[in-house]
$ cat model.cif   # mmCIF, C-alpha atoms
data_upload
#
loop_
_atom_site.group_PDB
_atom_site.id
_atom_site.type_symbol
_atom_site.label_atom_id
_atom_site.label_comp_id
_atom_site.auth_asym_id
_atom_site.auth_seq_id
_atom_site.Cartn_x
_atom_site.Cartn_y
_atom_site.Cartn_z
ATOM 1 C CA MET A 47 -29.569 1.300 1.789
ATOM 2 C CA LYS A 48 -27.869 4.662 1.339
ATOM 3 C CA ASN A 49 -25.833 5.011 -1.845
ATOM 4 C CA ILE A 50 -22.587 6.923 -1.504
ATOM 5 C CA VAL A 51 -21.029 9.053 -4.207
ATOM 6 C CA CYS A 52 -17.371 9.923 -3.998
ATOM 7 C CA ASP A 53 -16.522 13.353 -5.369
ATOM 8 C CA GLU A 54 -13.051 14.848 -5.542
ATOM 9 C CA GLU A 55 -14.476 18.249 -4.625
ATOM 10 C CA GLU A 56 -16.434 17.237 -1.552
ATOM 11 C CA SER A 57 -16.047 14.866 1.327
ATOM 12 C CA GLN A 58 -19.010 13.040 2.739
ATOM 13 C CA MET A 59 -19.474 12.909 6.460
ATOM 14 C CA LEU A 60 -21.607 9.941 7.330
ATOM 15 C CA GLU A 61 -24.697 10.648 9.380
ATOM 16 C CA SER A 62 -24.243 10.118 13.060
ATOM 17 C CA ASP A 63 -26.481 7.299 14.152
ATOM 18 C CA SER A 64 -26.757 6.138 17.710
ATOM 19 C CA ASP A 65 -27.696 2.658 16.492
ATOM 20 C CA MET A 66 -24.857 1.676 14.157
ATOM 21 C CA GLU A 67 -24.848 -1.987 15.083
ATOM 22 C CA GLY A 68 -25.276 -4.150 12.024
ATOM 23 C CA LYS A 69 -24.602 -1.270 9.616
ATOM 24 C CA TYR A 70 -21.696 -1.477 7.199
ATOM 25 C CA LEU A 71 -20.103 0.623 4.493
ATOM 26 C CA THR A 72 -19.625 -1.492 1.379
ATOM 27 C CA PHE A 73 -17.006 -0.879 -1.267
ATOM 28 C CA PHE A 74 -15.371 -2.657 -4.166
ATOM 29 C CA VAL A 75 -11.798 -3.871 -4.482
ATOM 30 C CA ASP A 76 -11.032 -5.749 -7.700
ATOM 31 C CA LYS A 77 -14.772 -6.363 -8.283
ATOM 32 C CA GLN A 78 -15.095 -7.984 -4.826
ATOM 33 C CA LEU A 79 -17.696 -6.465 -2.492
ATOM 34 C CA ILE A 80 -16.188 -5.736 0.912
ATOM 35 C CA ALA A 81 -17.708 -4.147 4.010
ATOM 36 C CA THR A 82 -16.437 -2.485 7.164
ATOM 37 C CA PRO A 83 -18.514 -1.484 10.192
ATOM 38 C CA ILE A 84 -19.947 2.001 9.720
ATOM 39 C CA ALA A 85 -18.977 2.807 13.307
ATOM 40 C CA ASP A 86 -15.306 2.770 12.191
ATOM 41 C CA VAL A 87 -15.868 5.210 9.306
ATOM 42 C CA VAL A 88 -15.186 8.920 9.852
ATOM 43 C CA GLN A 89 -15.735 10.176 6.298
ATOM 44 C CA ILE A 90 -15.330 9.401 2.618
ATOM 45 C CA ILE A 91 -13.270 11.678 0.394
ATOM 46 C CA GLY A 92 -12.167 11.789 -3.224
ATOM 47 C CA MET A 93 -8.576 11.078 -4.120
ATOM 48 C CA GLN A 94 -6.081 13.606 -2.797
ATOM 49 C CA THR A 95 -2.450 14.355 -3.516
ATOM 50 C CA ILE A 96 -0.479 11.697 -1.657
ATOM 51 C CA THR A 97 2.984 12.436 -0.309
ATOM 52 C CA GLU A 98 4.993 9.231 -0.464
ATOM 53 C CA ILE A 99 6.928 8.051 2.571
ATOM 54 C CA PRO A 100 10.292 6.450 1.680
ATOM 55 C CA ASP A 101 10.964 2.852 2.733
ATOM 56 C CA SER A 102 7.313 2.040 3.531
ATOM 57 C CA VAL A 103 5.622 -1.252 2.773
ATOM 58 C CA SER A 104 4.132 -1.362 -0.735
ATOM 59 C CA TYR A 105 0.526 -0.843 0.352
ATOM 60 C CA MET A 106 1.392 2.193 2.516
ATOM 61 C CA LYS A 107 0.983 4.842 -0.186
ATOM 62 C CA GLY A 108 1.972 7.824 1.995
ATOM 63 C CA VAL A 109 0.133 10.645 3.741
ATOM 64 C CA ILE A 110 -2.437 13.267 2.806
ATOM 65 C CA ASN A 111 -3.158 16.677 4.301
ATOM 66 C CA LEU A 112 -6.861 16.683 5.117
ATOM 67 C CA ARG A 113 -7.920 20.107 6.373
ATOM 68 C CA GLY A 114 -4.675 20.478 8.301
ATOM 69 C CA SER A 115 -4.490 16.916 9.628
ATOM 70 C CA ILE A 116 -1.850 14.531 8.317
ATOM 71 C CA ILE A 117 -3.503 11.188 7.557
ATOM 72 C CA PRO A 118 -1.598 8.052 6.481
ATOM 73 C CA VAL A 119 -3.215 6.196 3.571
ATOM 74 C CA ILE A 120 -2.978 2.582 2.524
ATOM 75 C CA ASP A 121 -4.162 0.979 -0.706
ATOM 76 C CA ILE A 122 -6.566 -1.799 0.257
ATOM 77 C CA ARG A 123 -6.095 -3.434 -3.147
ATOM 78 C CA LEU A 124 -2.384 -3.919 -2.429
ATOM 79 C CA ARG A 125 -2.981 -4.838 1.213
ATOM 80 C CA LEU A 126 -5.242 -7.672 0.068
ATOM 81 C CA GLY A 127 -2.588 -8.931 -2.362
ATOM 82 C CA LYS A 128 -4.360 -7.736 -5.514
ATOM 83 C CA LYS A 129 -2.648 -6.281 -8.561
ATOM 84 C CA GLU A 130 -2.007 -2.512 -8.493
ATOM 85 C CA ARG A 131 -4.052 -0.348 -10.847
ATOM 86 C CA ASP A 132 -4.287 3.339 -11.717
ATOM 87 C CA TYR A 133 -6.688 5.433 -9.677
ATOM 88 C CA ASP A 134 -9.697 6.797 -11.519
ATOM 89 C CA GLY A 135 -12.757 8.966 -10.892
ATOM 90 C CA ARG A 136 -14.405 6.259 -8.792
ATOM 91 C CA THR A 137 -11.403 5.683 -6.532
ATOM 92 C CA CYS A 138 -12.077 6.978 -3.015
ATOM 93 C CA ILE A 139 -10.414 7.241 0.352
ATOM 94 C CA ILE A 140 -12.420 5.959 3.296
ATOM 95 C CA VAL A 141 -11.124 7.615 6.457
ATOM 96 C CA VAL A 142 -11.476 5.241 9.404
ATOM 97 C CA LEU A 143 -10.593 5.558 13.054
ATOM 98 C CA ILE A 144 -8.095 2.905 14.161
ATOM 99 C CA GLN A 145 -6.834 2.981 17.735
ATOM 100 C CA GLU A 146 -7.785 6.667 17.998
ATOM 101 C CA LYS A 147 -5.884 7.505 14.787
ATOM 102 C CA GLU A 148 -7.414 8.453 11.457
ATOM 103 C CA VAL A 149 -6.189 6.323 8.558
ATOM 104 C CA GLY A 150 -7.235 6.528 4.898
ATOM 105 C CA LEU A 151 -8.138 3.355 3.024
ATOM 106 C CA ILE A 152 -7.934 3.691 -0.766
ATOM 107 C CA VAL A 153 -10.666 1.615 -2.427
ATOM 108 C CA ASP A 154 -11.699 1.123 -6.053
ATOM 109 C CA GLU A 155 -15.252 2.335 -5.511
ATOM 110 C CA VAL A 156 -17.560 3.029 -2.572
ATOM 111 C CA ASP A 157 -20.944 1.321 -2.830
ATOM 112 C CA ALA A 158 -23.487 1.931 -0.050
ATOM 113 C CA VAL A 159 -24.328 1.868 3.631
ATOM 114 C CA ILE A 160 -26.253 -1.331 4.298
ATOM 115 C CA GLU A 161 -27.584 -3.322 7.210
ATOM 116 C CA ILE A 162 -26.364 -6.898 7.584
ATOM 117 C CA ASP A 163 -28.214 -9.246 9.907
ATOM 118 C CA ALA A 164 -25.927 -11.242 12.194
ATOM 119 C CA GLU A 165 -27.558 -14.524 11.142
ATOM 120 C CA THR A 166 -26.368 -14.006 7.540
ATOM 121 C CA ILE A 167 -22.724 -13.787 8.668
ATOM 122 C CA SER A 168 -20.521 -16.867 8.784
ATOM 123 C CA GLN A 169 -16.925 -17.319 9.864
ATOM 124 C CA PRO A 170 -14.296 -16.985 7.121
ATOM 125 C CA PRO A 171 -12.881 -20.294 5.919
ATOM 126 C CA LYS A 172 -9.539 -21.385 7.295
ATOM 127 C CA THR A 173 -6.718 -21.134 4.781
ATOM 128 C CA GLU A 174 -3.061 -22.056 4.791
ATOM 129 C CA LYS A 175 -2.161 -18.387 4.972
ATOM 130 C CA LYS A 176 -3.018 -16.879 8.328
ATOM 131 C CA THR A 177 -3.011 -13.280 7.040
ATOM 132 C CA ASN A 178 -6.639 -13.169 5.903
ATOM 133 C CA GLN A 179 -7.767 -14.534 9.253
ATOM 134 C CA ASN A 180 -6.212 -11.464 10.825
ATOM 135 C CA TYR A 181 -8.483 -8.970 9.067
ATOM 136 C CA LEU A 182 -11.476 -10.975 7.789
ATOM 137 C CA SER A 183 -14.118 -10.939 10.495
ATOM 138 C CA GLY A 184 -16.773 -12.804 8.526
ATOM 139 C CA ILE A 185 -18.533 -13.471 5.264
ATOM 140 C CA ALA A 186 -22.101 -12.330 4.678
ATOM 141 C CA LYS A 187 -24.577 -13.531 2.087
ATOM 142 C CA LEU A 188 -26.844 -10.792 0.740
ATOM 143 C CA GLU A 189 -29.321 -11.849 -1.918
ATOM 144 C CA ASN A 190 -26.992 -13.143 -4.662
ATOM 145 C CA ASN A 191 -23.866 -11.393 -3.364
ATOM 146 C CA VAL A 192 -21.122 -12.512 -1.037
ATOM 147 C CA VAL A 193 -19.638 -9.737 1.087
ATOM 148 C CA LEU A 194 -16.284 -10.019 2.848
ATOM 149 C CA LEU A 195 -16.417 -8.284 6.228
ATOM 150 C CA ILE A 196 -13.140 -6.739 7.307
ATOM 151 C CA ASP A 197 -11.920 -5.432 10.606
ATOM 152 C CA SER A 198 -10.165 -2.243 9.508
ATOM 153 C CA ALA A 199 -8.059 -2.145 12.669
ATOM 154 C CA LYS A 200 -6.614 -5.561 11.839
ATOM 155 C CA LEU A 201 -5.648 -4.477 8.314
ATOM 156 C CA LEU A 202 -2.836 -2.629 10.021
ATOM 157 C CA TYR A 203 -1.018 -4.663 12.560
ATOM 158 C CA GLY A 204 2.375 -5.050 14.125
ATOM 159 C CA GLU A 205 5.163 -2.930 12.742
ATOM 160 C CA LEU A 206 2.984 -0.900 10.351
ATOM 161 C CA MET A 207 0.595 0.136 13.130
ATOM 162 C CA ASP A 208 3.569 1.100 15.280
ATOM 163 C CA ASN A 209 4.995 3.139 12.392
ATOM 164 C CA LEU A 210 1.723 5.051 11.900
ATOM 165 C CA GLU A 211 2.423 6.919 15.100
ATOM 166 C CA GLN A 212 5.243 8.797 13.388
ATOM 167 C CA TYR A 213 2.833 10.101 10.704
ATOM 168 C CA VAL A 214 -0.027 11.311 12.909
#
$ encode --input "model.cif" --output "C-alpha cells"
Amino acid sequence: MKNIVCDEEESQMLESDSDMEGKYLTFFVDKQLIATPIADVVQIIGMQTITEIPDSVSYMKGVINLRGSIIPVIDIRLRLGKKERDYDGRTCIIVVLIQEKEVGLIVDEVDAVIEIDAETISQPPKTEKKTNQNYLSGIAKLENNVVLLIDSAKLLYGELMDNLEQYV
C-alpha cells in the first residue's frame, strides 16, 4: 500500500507500472472509501483556482489551468448526491483520463494505492435508481472496510461528456 499525500504546492505523478491490474487509488467522499482503477489516474494535485462555467450542472465546478492545459473539474461529492462542503487542506483533485480527455475529480481526501483481489469484489446491489449502476463497477471487502469501486468514465455520461469537448 502506497500512501498518498496531497499538497497544494506539488502534484504527484503516480509511478508508471506495467502491471496495474488489480491496483486502485482509494479516496474518501463523505467518510465513504471509494476506489478507481490506478490505470485511469494521471496525477493527483492540490486544490487549484477553479474558473466557473455558467449554466453547468451543479457538480461541474468549472475548469482549471494545469501547466497550460485546461482541465474540467467535477466535485465527486456532488456527483454522488452528497451534501456540498467547503474545501480544506485535505481536498484534492485526481486527474483521470476519460475517453482521451483529462478530467479532474475533486475528492475530500486521497487515501492510498492498494491492490484489490478480484475474488473480494462483488456486484453492486440493484437499487430503484439506475444512476449508481452506471458508475459503480463493484464493491470490495478489505479487512473491516467496504470499498465502492467506481468507473470514472461512467461518472460522466451523456450530455455532460459531450459538453466536456468544449472545455478541452
$ residues_around --input "model.cif" --residues "Val119 of chain A" --least-positions-apart "2" --cutoff "7 Å" --atoms "all atoms listed in the file" --output "list in words"
Met106, Lys107, Gly108, Val109, Ile117, Asp121, Val149, Gly150, Leu151 and Ile152 of chain A
$ residues_around --input "model.cif" --residues "Ile185 of chain A" --least-positions-apart "5" --cutoff "9 Å" --atoms "only C-alpha atoms" --output "compact mmCIF listing (two decimals) with C-alpha atoms, in the frame of the given file"
# COMPACT_ATOMS: atom_id res chain seq x y z
CA THR A 166 -26.37 -14.01 7.54
CA ILE A 167 -22.72 -13.79 8.67
CA SER A 168 -20.52 -16.87 8.78
CA GLN A 169 -16.92 -17.32 9.86
CA PRO A 170 -14.30 -16.98 7.12
CA PRO A 171 -12.88 -20.29 5.92
CA VAL A 192 -21.12 -12.51 -1.04
CA VAL A 193 -19.64 -9.74 1.09
CA LEU A 194 -16.28 -10.02 2.85
CA LEU A 195 -16.42 -8.28 6.23
CA ILE A 196 -13.14 -6.74 7.31
$ resolve_selection --input "model.cif" --expression "the PyMOL selection byres ((chain A and resi 128) around 12)" --output "list of chain:residue names"
A:Val75, A:Asp76, A:Lys77, A:Gln78, A:Ser104, A:Tyr105, A:Asp121, A:Ile122, A:Arg123, A:Leu124, A:Arg125, A:Leu126, A:Gly127, A:Lys129, A:Glu130, A:Arg131, A:Val153, A:Asp154
$ resolve_selection --input "model.cif" --expression "the PyMOL selection byres ((chain A and resi 97) around 7)" --output "CSV table (one decimal) with C-alpha atoms, keeping the file's coordinate frame"
chain,number,residue,atom,x,y,z
A,95,THR,CA,-2.4,14.4,-3.5
A,96,ILE,CA,-0.5,11.7,-1.7
A,98,GLU,CA,5.0,9.2,-0.5
A,99,ILE,CA,6.9,8.1,2.6
A,108,GLY,CA,2.0,7.8,2.0
A,109,VAL,CA,0.1,10.6,3.7
A,110,ILE,CA,-2.4,13.3,2.8
$ resolve_selection --input "model.cif" --expression "the PyMOL selection byres ((chain A and resi 136) around 12)" --output "NGL selection string"
:A and (50-54 or 73-75 or 90-93 or 132-135 or 137-139 or 152-157)
$ residues_around --input "model.cif" --residues "Leu143 of chain A" --least-positions-apart "2" --cutoff "10 Å" --atoms "all atoms listed in the file" --output "PyMOL selection string"
chain A and resi 85-89+140-141+145-150+198-199
$ atom_distance --input "model.cif" --atom1 "atom CA of Leu201 of chain A" --atom2 "atom CA of Val103 of chain A"
13.0 Å
$ atom_distance --input "model.cif" --atom1 "atom CA of Gly68 of chain A" --atom2 "atom CA of Glu161 of chain A"
5.4 Å
$ atom_distance --input "model.cif" --atom1 "atom CA of Ser183 of chain A" --atom2 "atom CA of Pro118 of chain A"
23.1 Å
$ closest_residue --input "model.cif" --among "A:Leu112, A:Ala164, A:Ala81, A:Ile120" --to "Leu182 of chain A" --atoms "all atoms listed in the file"
A:Ala81
$ decode --input "model.cif" --residues "segment 103-115 of chain A" --atoms "C-alpha atoms" --output "tab-separated table (two decimals), in the first residue's frame"
chain	number	residue	atom	x	y	z
A	103	VAL	CA	-24.71	21.04	-13.88
A	104	SER	CA	-24.15	21.52	-10.14
A	105	TYR	CA	-21.31	19.01	-9.84
A	106	MET	CA	-19.39	20.51	-12.79
A	107	LYS	CA	-17.37	23.05	-10.80
A	108	GLY	CA	-15.56	24.59	-13.80
A	109	VAL	CA	-12.08	24.37	-15.29
A	110	ILE	CA	-8.52	24.71	-14.04
A	111	ASN	CA	-5.34	25.69	-15.86
A	112	LEU	CA	-2.85	22.92	-15.16
A	113	ARG	CA	0.54	23.79	-16.64
A	114	GLY	CA	-1.12	25.31	-19.70
A	115	SER	CA	-3.80	22.65	-20.17
